[in-house]
file start_36.cif (mmCIF, N, CA and C atoms)
data_upload
#
loop_
_atom_site.label_atom_id
_atom_site.label_comp_id
_atom_site.auth_asym_id
_atom_site.auth_seq_id
_atom_site.Cartn_x
_atom_site.Cartn_y
_atom_site.Cartn_z
N MET O 398 161.53 119.05 52.24
CA MET O 398 161.15 118.61 50.90
C MET O 398 159.81 119.29 50.57
N ASN O 399 159.73 119.92 49.43
CA ASN O 399 158.50 120.62 49.11
C ASN O 399 157.42 119.66 48.61
N ARG O 400 156.23 120.16 48.51
CA ARG O 400 155.06 119.33 48.19
C ARG O 400 155.16 118.65 46.82
N THR O 401 155.71 119.34 45.84
CA THR O 401 155.86 118.76 44.50
C THR O 401 156.74 117.53 44.54
N ARG O 402 157.82 117.60 45.27
CA ARG O 402 158.72 116.45 45.37
C ARG O 402 158.06 115.29 46.07
N VAL O 403 157.29 115.56 47.10
CA VAL O 403 156.61 114.49 47.83
C VAL O 403 155.61 113.78 46.91
N VAL O 404 154.82 114.56 46.17
CA VAL O 404 153.85 113.96 45.27
C VAL O 404 154.54 113.21 44.14
N ALA O 405 155.61 113.79 43.60
CA ALA O 405 156.36 113.11 42.54
C ALA O 405 156.92 111.79 43.05
N LEU O 406 157.41 111.78 44.29
CA LEU O 406 157.89 110.56 44.89
C LEU O 406 156.77 109.54 45.00
N CYS O 407 155.59 109.99 45.44
CA CYS O 407 154.44 109.08 45.56
C CYS O 407 154.05 108.49 44.20
N VAL O 408 154.06 109.32 43.16
CA VAL O 408 153.73 108.85 41.82
C VAL O 408 154.75 107.82 41.36
N THR O 409 156.03 108.11 41.57
CA THR O 409 157.09 107.20 41.17
C THR O 409 156.98 105.88 41.91
N VAL O 410 156.77 105.94 43.22
CA VAL O 410 156.61 104.73 44.01
C VAL O 410 155.37 103.96 43.56
N SER O 411 154.29 104.67 43.28
CA SER O 411 153.06 104.01 42.81
C SER O 411 153.31 103.27 41.51
N LEU O 412 154.01 103.91 40.56
CA LEU O 412 154.32 103.26 39.29
C LEU O 412 155.20 102.04 39.51
N GLY O 413 156.19 102.18 40.38
CA GLY O 413 157.07 101.05 40.67
C GLY O 413 156.33 99.90 41.30
N CYS O 414 155.47 100.19 42.28
CA CYS O 414 154.66 99.15 42.93
C CYS O 414 153.69 98.53 41.95
N PHE O 415 153.09 99.36 41.11
CA PHE O 415 152.15 98.89 40.10
C PHE O 415 152.87 97.92 39.16
N GLY O 416 154.05 98.31 38.71
CA GLY O 416 154.82 97.46 37.79
C GLY O 416 155.25 96.16 38.45
N MET O 417 155.68 96.23 39.71
CA MET O 417 156.11 95.02 40.40
C MET O 417 154.94 94.12 40.71
N ALA O 418 153.81 94.69 41.10
CA ALA O 418 152.65 93.89 41.46
C ALA O 418 152.10 93.13 40.27
N PHE O 419 152.11 93.77 39.12
CA PHE O 419 151.55 93.13 37.93
C PHE O 419 152.62 92.52 37.03
N GLY O 420 153.88 92.66 37.38
CA GLY O 420 154.96 92.08 36.60
C GLY O 420 155.04 92.63 35.19
N ILE O 421 154.78 93.90 35.02
CA ILE O 421 154.83 94.47 33.68
C ILE O 421 156.21 95.05 33.41
N ASP O 422 156.60 95.02 32.15
CA ASP O 422 157.90 95.53 31.74
C ASP O 422 157.71 96.65 30.74
N LEU O 423 158.70 97.50 30.68
CA LEU O 423 158.72 98.58 29.70
C LEU O 423 158.88 97.96 28.32
N GLU O 424 157.92 98.20 27.42
CA GLU O 424 157.92 97.56 26.11
C GLU O 424 158.87 98.23 25.12
N ASP O 425 158.92 99.55 25.09
CA ASP O 425 159.77 100.25 24.13
C ASP O 425 160.42 101.46 24.79
N PRO O 426 161.57 101.24 25.44
CA PRO O 426 162.23 102.34 26.14
C PRO O 426 162.61 103.50 25.24
N GLY O 427 162.79 103.25 23.96
CA GLY O 427 163.16 104.31 23.03
C GLY O 427 162.09 105.37 22.88
N LYS O 428 160.84 105.05 23.21
CA LYS O 428 159.76 106.02 23.10
C LYS O 428 159.54 106.80 24.40
N ALA O 429 160.26 106.45 25.44
CA ALA O 429 160.10 107.12 26.73
C ALA O 429 160.79 108.48 26.72
N PRO O 430 160.23 109.43 27.48
CA PRO O 430 160.91 110.74 27.60
C PRO O 430 162.29 110.55 28.22
N ALA O 431 163.24 111.38 27.82
CA ALA O 431 164.61 111.30 28.35
C ALA O 431 164.63 111.51 29.86
N THR O 432 163.63 112.18 30.40
CA THR O 432 163.58 112.40 31.85
C THR O 432 163.02 111.19 32.58
N TYR O 433 162.71 110.11 31.86
CA TYR O 433 162.16 108.91 32.48
C TYR O 433 163.17 107.76 32.49
N VAL O 434 163.68 107.41 31.32
CA VAL O 434 164.62 106.29 31.23
C VAL O 434 165.54 106.48 30.03
N LYS O 435 166.76 105.97 30.14
CA LYS O 435 167.72 106.00 29.04
C LYS O 435 168.38 104.63 28.93
N MET O 436 168.78 104.28 27.72
CA MET O 436 169.58 103.07 27.51
C MET O 436 171.04 103.48 27.68
N VAL O 437 171.75 102.75 28.52
CA VAL O 437 173.15 103.06 28.79
C VAL O 437 173.98 101.80 28.53
N LYS O 438 175.08 101.97 27.82
CA LYS O 438 175.97 100.85 27.53
C LYS O 438 176.84 100.59 28.74
N GLN O 439 176.72 99.38 29.29
CA GLN O 439 177.57 98.97 30.41
C GLN O 439 178.30 97.70 29.98
N THR O 440 179.58 97.78 29.96
CA THR O 440 180.45 96.72 29.44
C THR O 440 179.98 96.31 28.05
N ASP O 441 179.45 95.12 27.91
CA ASP O 441 179.05 94.64 26.58
C ASP O 441 177.55 94.58 26.37
N LYS O 442 176.77 95.18 27.26
CA LYS O 442 175.32 95.14 27.07
C LYS O 442 174.69 96.49 27.40
N ASN O 443 173.49 96.70 26.87
CA ASN O 443 172.72 97.91 27.16
C ASN O 443 171.80 97.64 28.34
N VAL O 444 171.71 98.59 29.23
CA VAL O 444 170.82 98.47 30.38
C VAL O 444 169.95 99.72 30.48
N LEU O 445 168.78 99.57 31.04
CA LEU O 445 167.89 100.70 31.28
C LEU O 445 168.31 101.40 32.57
N VAL O 446 168.42 102.71 32.51
CA VAL O 446 168.72 103.51 33.70
C VAL O 446 167.58 104.51 33.85
N PHE O 447 166.83 104.35 34.93
CA PHE O 447 165.70 105.23 35.19
C PHE O 447 166.16 106.48 35.93
N ASP O 448 165.62 107.61 35.53
CA ASP O 448 165.95 108.88 36.15
C ASP O 448 165.45 108.86 37.60
N ASP O 449 166.30 109.29 38.52
CA ASP O 449 165.89 109.27 39.92
C ASP O 449 165.61 110.66 40.48
N THR O 450 165.50 111.66 39.58
CA THR O 450 165.12 112.99 40.04
C THR O 450 163.60 113.12 39.97
N PHE O 451 163.07 114.10 40.65
CA PHE O 451 161.63 114.29 40.73
C PHE O 451 161.14 115.17 39.60
N HIS O 452 160.06 114.74 38.95
CA HIS O 452 159.45 115.50 37.86
C HIS O 452 157.94 115.44 38.01
N PRO O 453 157.26 116.56 37.91
CA PRO O 453 155.80 116.49 37.84
C PRO O 453 155.42 116.04 36.43
N PHE O 454 154.46 115.14 36.33
CA PHE O 454 154.00 114.64 35.04
C PHE O 454 152.59 115.15 34.76
N SER O 455 152.34 115.46 33.50
CA SER O 455 150.98 115.79 33.09
C SER O 455 150.24 114.48 32.84
N ALA O 456 148.93 114.54 32.76
CA ALA O 456 148.14 113.34 32.48
C ALA O 456 148.48 112.77 31.11
N VAL O 457 148.73 113.64 30.14
CA VAL O 457 149.06 113.16 28.80
C VAL O 457 150.40 112.42 28.82
N THR O 458 151.38 112.91 29.57
CA THR O 458 152.66 112.23 29.69
C THR O 458 152.51 110.92 30.45
N PHE O 459 151.74 110.94 31.52
CA PHE O 459 151.52 109.74 32.32
C PHE O 459 150.85 108.66 31.46
N ASP O 460 149.87 109.05 30.63
CA ASP O 460 149.21 108.09 29.74
C ASP O 460 150.21 107.51 28.75
N LYS O 461 151.10 108.34 28.22
CA LYS O 461 152.13 107.83 27.29
C LYS O 461 153.06 106.85 28.00
N LEU O 462 153.42 107.16 29.24
CA LEU O 462 154.27 106.24 30.01
C LEU O 462 153.55 104.92 30.26
N MET O 463 152.28 104.98 30.60
CA MET O 463 151.52 103.75 30.80
C MET O 463 151.47 102.94 29.50
N GLY O 464 151.36 103.63 28.37
CA GLY O 464 151.37 102.96 27.07
C GLY O 464 152.68 102.24 26.81
N LEU O 465 153.78 102.77 27.33
CA LEU O 465 155.08 102.12 27.17
C LEU O 465 155.14 100.78 27.91
N TYR O 466 154.26 100.60 28.87
CA TYR O 466 154.17 99.34 29.61
C TYR O 466 153.06 98.46 29.07
N GLY O 467 152.47 98.87 27.95
CA GLY O 467 151.40 98.08 27.34
C GLY O 467 150.04 98.31 27.97
N CYS O 468 149.87 99.42 28.67
CA CYS O 468 148.63 99.72 29.37
C CYS O 468 147.82 100.77 28.61
N THR O 469 146.52 100.56 28.52
CA THR O 469 145.65 101.52 27.86
C THR O 469 144.50 101.90 28.79
N LEU O 470 144.06 103.12 28.66
CA LEU O 470 142.93 103.61 29.45
C LEU O 470 141.66 102.98 28.92
N THR O 471 140.91 102.30 29.78
CA THR O 471 139.72 101.58 29.33
C THR O 471 138.43 102.38 29.48
N ASP O 472 138.33 103.21 30.50
CA ASP O 472 137.09 103.94 30.72
C ASP O 472 137.38 105.33 31.26
N PRO O 473 137.53 106.31 30.36
CA PRO O 473 137.88 107.66 30.80
C PRO O 473 136.82 108.32 31.68
N SER O 474 135.61 107.80 31.67
CA SER O 474 134.57 108.40 32.51
C SER O 474 134.83 108.14 33.99
N LYS O 475 135.72 107.19 34.30
CA LYS O 475 135.98 106.84 35.69
C LYS O 475 137.22 107.53 36.27
N VAL O 476 137.95 108.29 35.47
CA VAL O 476 139.12 109.00 35.99
C VAL O 476 138.69 110.39 36.46
N PRO O 477 139.49 111.01 37.32
CA PRO O 477 139.15 112.36 37.76
C PRO O 477 139.07 113.31 36.55
N ALA O 478 138.18 114.28 36.64
CA ALA O 478 137.99 115.24 35.54
C ALA O 478 139.27 116.03 35.26
N THR O 479 140.14 116.14 36.25
CA THR O 479 141.40 116.85 36.05
C THR O 479 142.43 116.00 35.32
N TYR O 480 142.13 114.73 35.08
CA TYR O 480 143.06 113.81 34.41
C TYR O 480 142.74 113.68 32.92
N ALA O 481 141.50 113.34 32.61
CA ALA O 481 141.10 113.16 31.21
C ALA O 481 139.58 113.29 31.11
N LYS O 482 139.12 113.56 29.90
CA LYS O 482 137.68 113.61 29.67
C LYS O 482 137.40 113.24 28.22
N MET O 483 136.17 112.84 27.96
CA MET O 483 135.74 112.51 26.61
C MET O 483 135.19 113.78 25.97
N VAL O 484 135.57 114.01 24.73
CA VAL O 484 135.04 115.15 23.99
C VAL O 484 134.60 114.67 22.62
N LYS O 485 133.59 115.35 22.08
CA LYS O 485 133.13 115.04 20.72
C LYS O 485 133.75 116.04 19.77
N LYS O 486 134.35 115.50 18.72
CA LYS O 486 134.96 116.34 17.71
C LYS O 486 134.67 115.71 16.35
N ASP O 487 134.01 116.48 15.51
CA ASP O 487 133.62 115.99 14.18
C ASP O 487 132.78 114.72 14.26
N GLY O 488 131.91 114.65 15.25
CA GLY O 488 131.02 113.51 15.41
C GLY O 488 131.64 112.29 16.06
N LYS O 489 132.93 112.36 16.40
CA LYS O 489 133.61 111.23 17.04
C LYS O 489 133.99 111.60 18.46
N GLU O 490 133.92 110.62 19.35
CA GLU O 490 134.36 110.84 20.72
C GLU O 490 135.84 110.49 20.82
N SER O 491 136.57 111.31 21.53
CA SER O 491 137.98 111.00 21.77
C SER O 491 138.34 111.43 23.18
N ILE O 492 139.44 110.86 23.68
CA ILE O 492 139.92 111.16 25.02
C ILE O 492 140.89 112.33 24.93
N VAL O 493 140.68 113.31 25.79
CA VAL O 493 141.60 114.44 25.88
C VAL O 493 142.20 114.43 27.28
N PHE O 494 143.52 114.34 27.33
CA PHE O 494 144.24 114.30 28.60
C PHE O 494 144.70 115.70 28.97
N ASP O 495 144.72 115.97 30.26
CA ASP O 495 145.22 117.26 30.75
C ASP O 495 146.71 117.35 30.45
N GLU O 496 147.15 118.47 29.93
CA GLU O 496 148.55 118.64 29.57
C GLU O 496 149.34 119.42 30.61
N THR O 497 148.69 119.81 31.69
CA THR O 497 149.36 120.58 32.74
C THR O 497 149.97 119.64 33.76
N PRO O 498 151.28 119.76 34.01
CA PRO O 498 151.88 118.94 35.07
C PRO O 498 151.16 119.23 36.38
N SER O 499 150.71 118.19 37.03
CA SER O 499 149.87 118.36 38.22
C SER O 499 150.31 117.47 39.35
N LEU O 500 149.78 117.79 40.51
CA LEU O 500 149.95 116.96 41.69
C LEU O 500 148.67 116.15 41.87
N TYR O 501 148.80 114.88 42.12
CA TYR O 501 147.65 114.01 42.30
C TYR O 501 147.70 113.37 43.68
N SER O 502 146.55 113.24 44.29
CA SER O 502 146.48 112.55 45.57
C SER O 502 146.57 111.05 45.30
N ALA O 503 146.83 110.29 46.35
CA ALA O 503 146.87 108.83 46.20
C ALA O 503 145.51 108.32 45.71
N LYS O 504 144.42 108.93 46.19
CA LYS O 504 143.09 108.52 45.76
C LYS O 504 142.90 108.74 44.27
N ALA O 505 143.33 109.91 43.77
CA ALA O 505 143.20 110.20 42.34
C ALA O 505 144.09 109.27 41.51
N MET O 506 145.31 108.98 42.00
CA MET O 506 146.19 108.07 41.28
C MET O 506 145.58 106.68 41.22
N HIS O 507 145.04 106.21 42.34
CA HIS O 507 144.41 104.89 42.36
C HIS O 507 143.23 104.86 41.39
N GLN O 508 142.44 105.90 41.43
CA GLN O 508 141.27 105.98 40.55
C GLN O 508 141.71 105.94 39.09
N SER O 509 142.78 106.62 38.75
CA SER O 509 143.28 106.65 37.38
C SER O 509 143.91 105.32 36.99
N LEU O 510 144.76 104.76 37.85
CA LEU O 510 145.44 103.50 37.54
C LEU O 510 144.46 102.33 37.42
N SER O 511 143.39 102.37 38.19
CA SER O 511 142.46 101.24 38.20
C SER O 511 141.69 101.06 36.90
N VAL O 512 141.67 102.08 36.04
CA VAL O 512 140.94 101.94 34.77
C VAL O 512 141.89 101.73 33.59
N TYR O 513 143.14 101.40 33.86
CA TYR O 513 144.06 101.03 32.80
C TYR O 513 144.07 99.52 32.66
N ASN O 514 144.10 99.05 31.43
CA ASN O 514 144.20 97.64 31.15
C ASN O 514 145.62 97.38 30.68
N CYS O 515 146.32 96.51 31.39
CA CYS O 515 147.71 96.22 31.03
C CYS O 515 147.80 94.81 30.46
N ALA O 516 148.22 94.73 29.22
CA ALA O 516 148.28 93.45 28.51
C ALA O 516 149.21 92.47 29.22
N ASP O 517 150.36 92.93 29.70
CA ASP O 517 151.29 92.04 30.38
C ASP O 517 150.73 91.50 31.69
N ALA O 518 149.87 92.29 32.35
CA ALA O 518 149.31 91.87 33.63
C ALA O 518 148.40 90.66 33.46
N ALA O 519 147.84 90.49 32.27
CA ALA O 519 146.92 89.38 32.04
C ALA O 519 147.66 88.09 31.77
N LYS O 520 148.96 88.13 31.53
CA LYS O 520 149.73 86.92 31.21
C LYS O 520 149.92 86.05 32.42
#
call {"tool": "encode", "arguments": {"input": "start_36.cif", "output": "structure tokens"}}
result
Amino acid sequence: MNRTRVVALCVTVSLGCFGMAFGIDLEDPGKAPATYVKMVKQTDKNVLVFDDTFHPFSAVTFDKLMGLYGCTLTDPSKVPATYAKMVKKDGKESIVFDETPSLYSAKAMHQSLSVYNCADAAK
């Protein structure tokens, strides 16, 4: 198994553990990338089917996925510089996420996940 697959597996497992630990649910599956989850009709009901293939995610995609679970980045200054940074544009500060699919270490993933605030986790 190559390194990309191993890291993708770690990211997927981290997201799954994160979701199970905090009991968060996907809020709007329709906004998720097709490579993440799809609604599938089974008998008389729709069910979520998560993609089980490995995909490298960019920070911008990962942030969008976290948003689907009701999670928002609270302090971009605490994430790795390769994940996101604050920039000033037209006198306003905004968060710019890296758009390059990357491999992240467990330490970098923990550092990034720890500064997300998840509304469902507070319930």
call {"tool": "resolve_selection", "arguments": {"input": "start_36.cif", "expression": "the PyMOL selection byres ((chain O and resi 465) around 5)", "output": "PDB file with N, CA and C atoms, keeping the file's coordinate frame"}}
result
ATOM      1  N   LEU O 423     158.700  97.500  30.680  1.00  0.00           N
ATOM      2  CA  LEU O 423     158.720  98.580  29.700  1.00  0.00           C
ATOM      3  C   LEU O 423     158.880  97.960  28.320  1.00  0.00           C
ATOM      4  N   GLU O 424     157.920  98.200  27.420  1.00  0.00           N
ATOM      5  CA  GLU O 424     157.920  97.560  26.110  1.00  0.00           C
ATOM      6  C   GLU O 424     158.870  98.230  25.120  1.00  0.00           C
ATOM      7  N   ASP O 425     158.920  99.550  25.090  1.00  0.00           N
ATOM      8  CA  ASP O 425     159.770 100.250  24.130  1.00  0.00           C
ATOM      9  C   ASP O 425     160.420 101.460  24.790  1.00  0.00           C
ATOM     10  N   LYS O 461     151.100 108.340  28.220  1.00  0.00           N
ATOM     11  CA  LYS O 461     152.130 107.830  27.290  1.00  0.00           C
ATOM     12  C   LYS O 461     153.060 106.850  28.000  1.00  0.00           C
ATOM     13  N   LEU O 462     153.420 107.160  29.240  1.00  0.00           N
ATOM     14  CA  LEU O 462     154.270 106.240  30.010  1.00  0.00           C
ATOM     15  C   LEU O 462     153.550 104.920  30.260  1.00  0.00           C
ATOM     16  N   MET O 463     152.280 104.980  30.600  1.00  0.00           N
ATOM     17  CA  MET O 463     151.520 103.750  30.800  1.00  0.00           C
ATOM     18  C   MET O 463     151.470 102.940  29.500  1.00  0.00           C
ATOM     19  N   GLY O 464     151.360 103.630  28.370  1.00  0.00           N
ATOM     20  CA  GLY O 464     151.370 102.960  27.070  1.00  0.00           C
ATOM     21  C   GLY O 464     152.680 102.240  26.810  1.00  0.00           C
ATOM     22  N   TYR O 466     154.260 100.600  28.870  1.00  0.00           N
ATOM     23  CA  TYR O 466     154.170  99.340  29.610  1.00  0.00           C
ATOM     24  C   TYR O 466     153.060  98.460  29.070  1.00  0.00           C
ATOM     25  N   GLY O 467     152.470  98.870  27.950  1.00  0.00           N
ATOM     26  CA  GLY O 467     151.400  98.080  27.340  1.00  0.00           C
ATOM     27  C   GLY O 467     150.040  98.310  27.970  1.00  0.00           C
TER      28      GLY O 467
END
call {"tool": "resolve_selection", "arguments": {"input": "start_36.cif", "expression": "the PyMOL selection byres ((chain O and resi 505-514) around 6)", "output": "list of chain:residue names"}}
result
O:Gly467, O:Cys468, O:Thr469, O:Leu470, O:Thr471, O:Asp472, O:Lys475, O:Val476, O:Pro477, O:Tyr501, O:Ser502, O:Ala503, O:Lys504, O:Cys515, O:Ala516
call {"tool": "residues_around", "arguments": {"input": "start_36.cif", "residues": "Phe494 in chain O", "least_positions_apart": "6", "cutoff": "10 Å", "atoms": "only C-alpha atoms", "output": "compact mmCIF listing (two decimals) with N, CA and C atoms, keeping the file's coordinate frame"}}
result
# COMPACT_ATOMS: atom_id res chain seq x y z
N SER O 455 152.34 115.46 33.50
CA SER O 455 150.98 115.79 33.09
C SER O 455 150.24 114.48 32.84
N ALA O 456 148.93 114.54 32.76
CA ALA O 456 148.14 113.34 32.48
C ALA O 456 148.48 112.77 31.11
N VAL O 457 148.73 113.64 30.14
CA VAL O 457 149.06 113.16 28.80
C VAL O 457 150.40 112.42 28.82
N THR O 458 151.38 112.91 29.57
CA THR O 458 152.66 112.23 29.69
C THR O 458 152.51 110.92 30.45
N PHE O 459 151.74 110.94 31.52
CA PHE O 459 151.52 109.74 32.32
C PHE O 459 150.85 108.66 31.46
N ASP O 460 149.87 109.05 30.63
CA ASP O 460 149.21 108.09 29.74
C ASP O 460 150.21 107.51 28.75
N PRO O 473 137.53 106.31 30.36
CA PRO O 473 137.88 107.66 30.80
C PRO O 473 136.82 108.32 31.68
N ALA O 478 138.18 114.28 36.64
CA ALA O 478 137.99 115.24 35.54
C ALA O 478 139.27 116.03 35.26
N THR O 479 140.14 116.14 36.25
CA THR O 479 141.40 116.85 36.05
C THR O 479 142.43 116.00 35.32
N TYR O 480 142.13 114.73 35.08
CA TYR O 480 143.06 113.81 34.41
C TYR O 480 142.74 113.68 32.92
N ALA O 481 141.50 113.34 32.61
CA ALA O 481 141.10 113.16 31.21
C ALA O 481 139.58 113.29 31.11
N LYS O 482 139.12 113.56 29.90
CA LYS O 482 137.68 113.61 29.67
C LYS O 482 137.40 113.24 28.22
N MET O 483 136.17 112.84 27.96
CA MET O 483 135.74 112.51 26.61
C MET O 483 135.19 113.78 25.97
call {"tool": "select_by_dssp", "arguments": {"input": "start_36.cif", "residues": "range 407-519 of chain O", "states": "strand (DSSP E)", "output": "PyMOL selection string"}}
result
chain O and resi 434-439+442-447+468-470+481-486+489-494+513-515
call {"tool": "write_last_selection", "arguments": {"input": "start_36.cif", "atoms": "N, CA and C atoms", "output": "compact mmCIF listing (two decimals), in the frame of the given file"}}
result
# COMPACT_ATOMS: atom_id res chain seq x y z
N VAL O 434 163.68 107.41 31.32
CA VAL O 434 164.62 106.29 31.23
C VAL O 434 165.54 106.48 30.03
N LYS O 435 166.76 105.97 30.14
CA LYS O 435 167.72 106.00 29.04
C LYS O 435 168.38 104.63 28.93
N MET O 436 168.78 104.28 27.72
CA MET O 436 169.58 103.07 27.51
C MET O 436 171.04 103.48 27.68
N VAL O 437 171.75 102.75 28.52
CA VAL O 437 173.15 103.06 28.79
C VAL O 437 173.98 101.80 28.53
N LYS O 438 175.08 101.97 27.82
CA LYS O 438 175.97 100.85 27.53
C LYS O 438 176.84 100.59 28.74
N GLN O 439 176.72 99.38 29.29
CA GLN O 439 177.57 98.97 30.41
C GLN O 439 178.30 97.70 29.98
N LYS O 442 176.77 95.18 27.26
CA LYS O 442 175.32 95.14 27.07
C LYS O 442 174.69 96.49 27.40
N ASN O 443 173.49 96.70 26.87
CA ASN O 443 172.72 97.91 27.16
C ASN O 443 171.80 97.64 28.34
N VAL O 444 171.71 98.59 29.23
CA VAL O 444 170.82 98.47 30.38
C VAL O 444 169.95 99.72 30.48
N LEU O 445 168.78 99.57 31.04
CA LEU O 445 167.89 100.70 31.28
C LEU O 445 168.31 101.40 32.57
N VAL O 446 168.42 102.71 32.51
CA VAL O 446 168.72 103.51 33.70
C VAL O 446 167.58 104.51 33.85
N PHE O 447 166.83 104.35 34.93
CA PHE O 447 165.70 105.23 35.19
C PHE O 447 166.16 106.48 35.93
N CYS O 468 149.87 99.42 28.67
CA CYS O 468 148.63 99.72 29.37
C CYS O 468 147.82 100.77 28.61
N THR O 469 146.52 100.56 28.52
CA THR O 469 145.65 101.52 27.86
C THR O 469 144.50 101.90 28.79
N LEU O 470 144.06 103.12 28.66
CA LEU O 470 142.93 103.61 29.45
C LEU O 470 141.66 102.98 28.92
N ALA O 481 141.50 113.34 32.61
CA ALA O 481 141.10 113.16 31.21
C ALA O 481 139.58 113.29 31.11
N LYS O 482 139.12 113.56 29.90
CA LYS O 482 137.68 113.61 29.67
C LYS O 482 137.40 113.24 28.22
N MET O 483 136.17 112.84 27.96
CA MET O 483 135.74 112.51 26.61
C MET O 483 135.19 113.78 25.97
N VAL O 484 135.57 114.01 24.73
CA VAL O 484 135.04 115.15 23.99
C VAL O 484 134.60 114.67 22.62
N LYS O 485 133.59 115.35 22.08
CA LYS O 485 133.13 115.04 20.72
C LYS O 485 133.75 116.04 19.77
N LYS O 486 134.35 115.50 18.72
CA LYS O 486 134.96 116.34 17.71
C LYS O 486 134.67 115.71 16.35
N LYS O 489 132.93 112.36 16.40
CA LYS O 489 133.61 111.23 17.04
C LYS O 489 133.99 111.60 18.46
N GLU O 490 133.92 110.62 19.35
CA GLU O 490 134.36 110.84 20.72
C GLU O 490 135.84 110.49 20.82
N SER O 491 136.57 111.31 21.53
CA SER O 491 137.98 111.00 21.77
C SER O 491 138.34 111.43 23.18
N ILE O 492 139.44 110.86 23.68
CA ILE O 492 139.92 111.16 25.02
C ILE O 492 140.89 112.33 24.93
N VAL O 493 140.68 113.31 25.79
CA VAL O 493 141.60 114.44 25.88
C VAL O 493 142.20 114.43 27.28
N PHE O 494 143.52 114.34 27.33
CA PHE O 494 144.24 114.30 28.60
C PHE O 494 144.70 115.70 28.97
N TYR O 513 143.14 101.40 33.86
CA TYR O 513 144.06 101.03 32.80
C TYR O 513 144.07 99.52 32.66
N ASN O 514 144.10 99.05 31.43
CA ASN O 514 144.20 97.64 31.15
C ASN O 514 145.62 97.38 30.68
N CYS O 515 146.32 96.51 31.39
CA CYS O 515 147.71 96.22 31.03
C CYS O 515 147.80 94.81 30.46
call {"tool": "atom_distance", "arguments": {"input": "start_36.cif", "atom1": "CA of Ile492 in chain O", "atom2": "atom C of Asp422 in chain O"}}
result
23.7 Å
call {"tool": "atom_distance", "arguments": {"input": "start_36.cif", "atom1": "atom C of Asp448 in chain O", "atom2": "atom N of Val434 in chain O"}}
result
6.7 Å
call {"tool": "atom_distance", "arguments": {"input": "start_36.cif", "atom1": "atom N of Pro453 in chain O", "atom2": "atom C of Ser499 in chain O"}}
result
7.2 Å
call {"tool": "select_by_dssp", "arguments": {"input": "start_36.cif", "residues": "range 404-515 of chain O", "states": "helix (DSSP H, G or I)", "output": "MDAnalysis selection string"}}
result
chainID O and resid 404:419 426:428 456:465 473:475 503:510
call {"tool": "axis_aligned_box", "arguments": {"input": "start_36.cif", "around": "range 443-450 of chain O", "padding_each_side": "5 Å", "output": "lines of an AutoDock Vina configuration file"}}
result
center_x = 168.5
center_y = 104.9
center_z = 33.7
size_x = 19.9
size_y = 26.4
size_z = 23.6
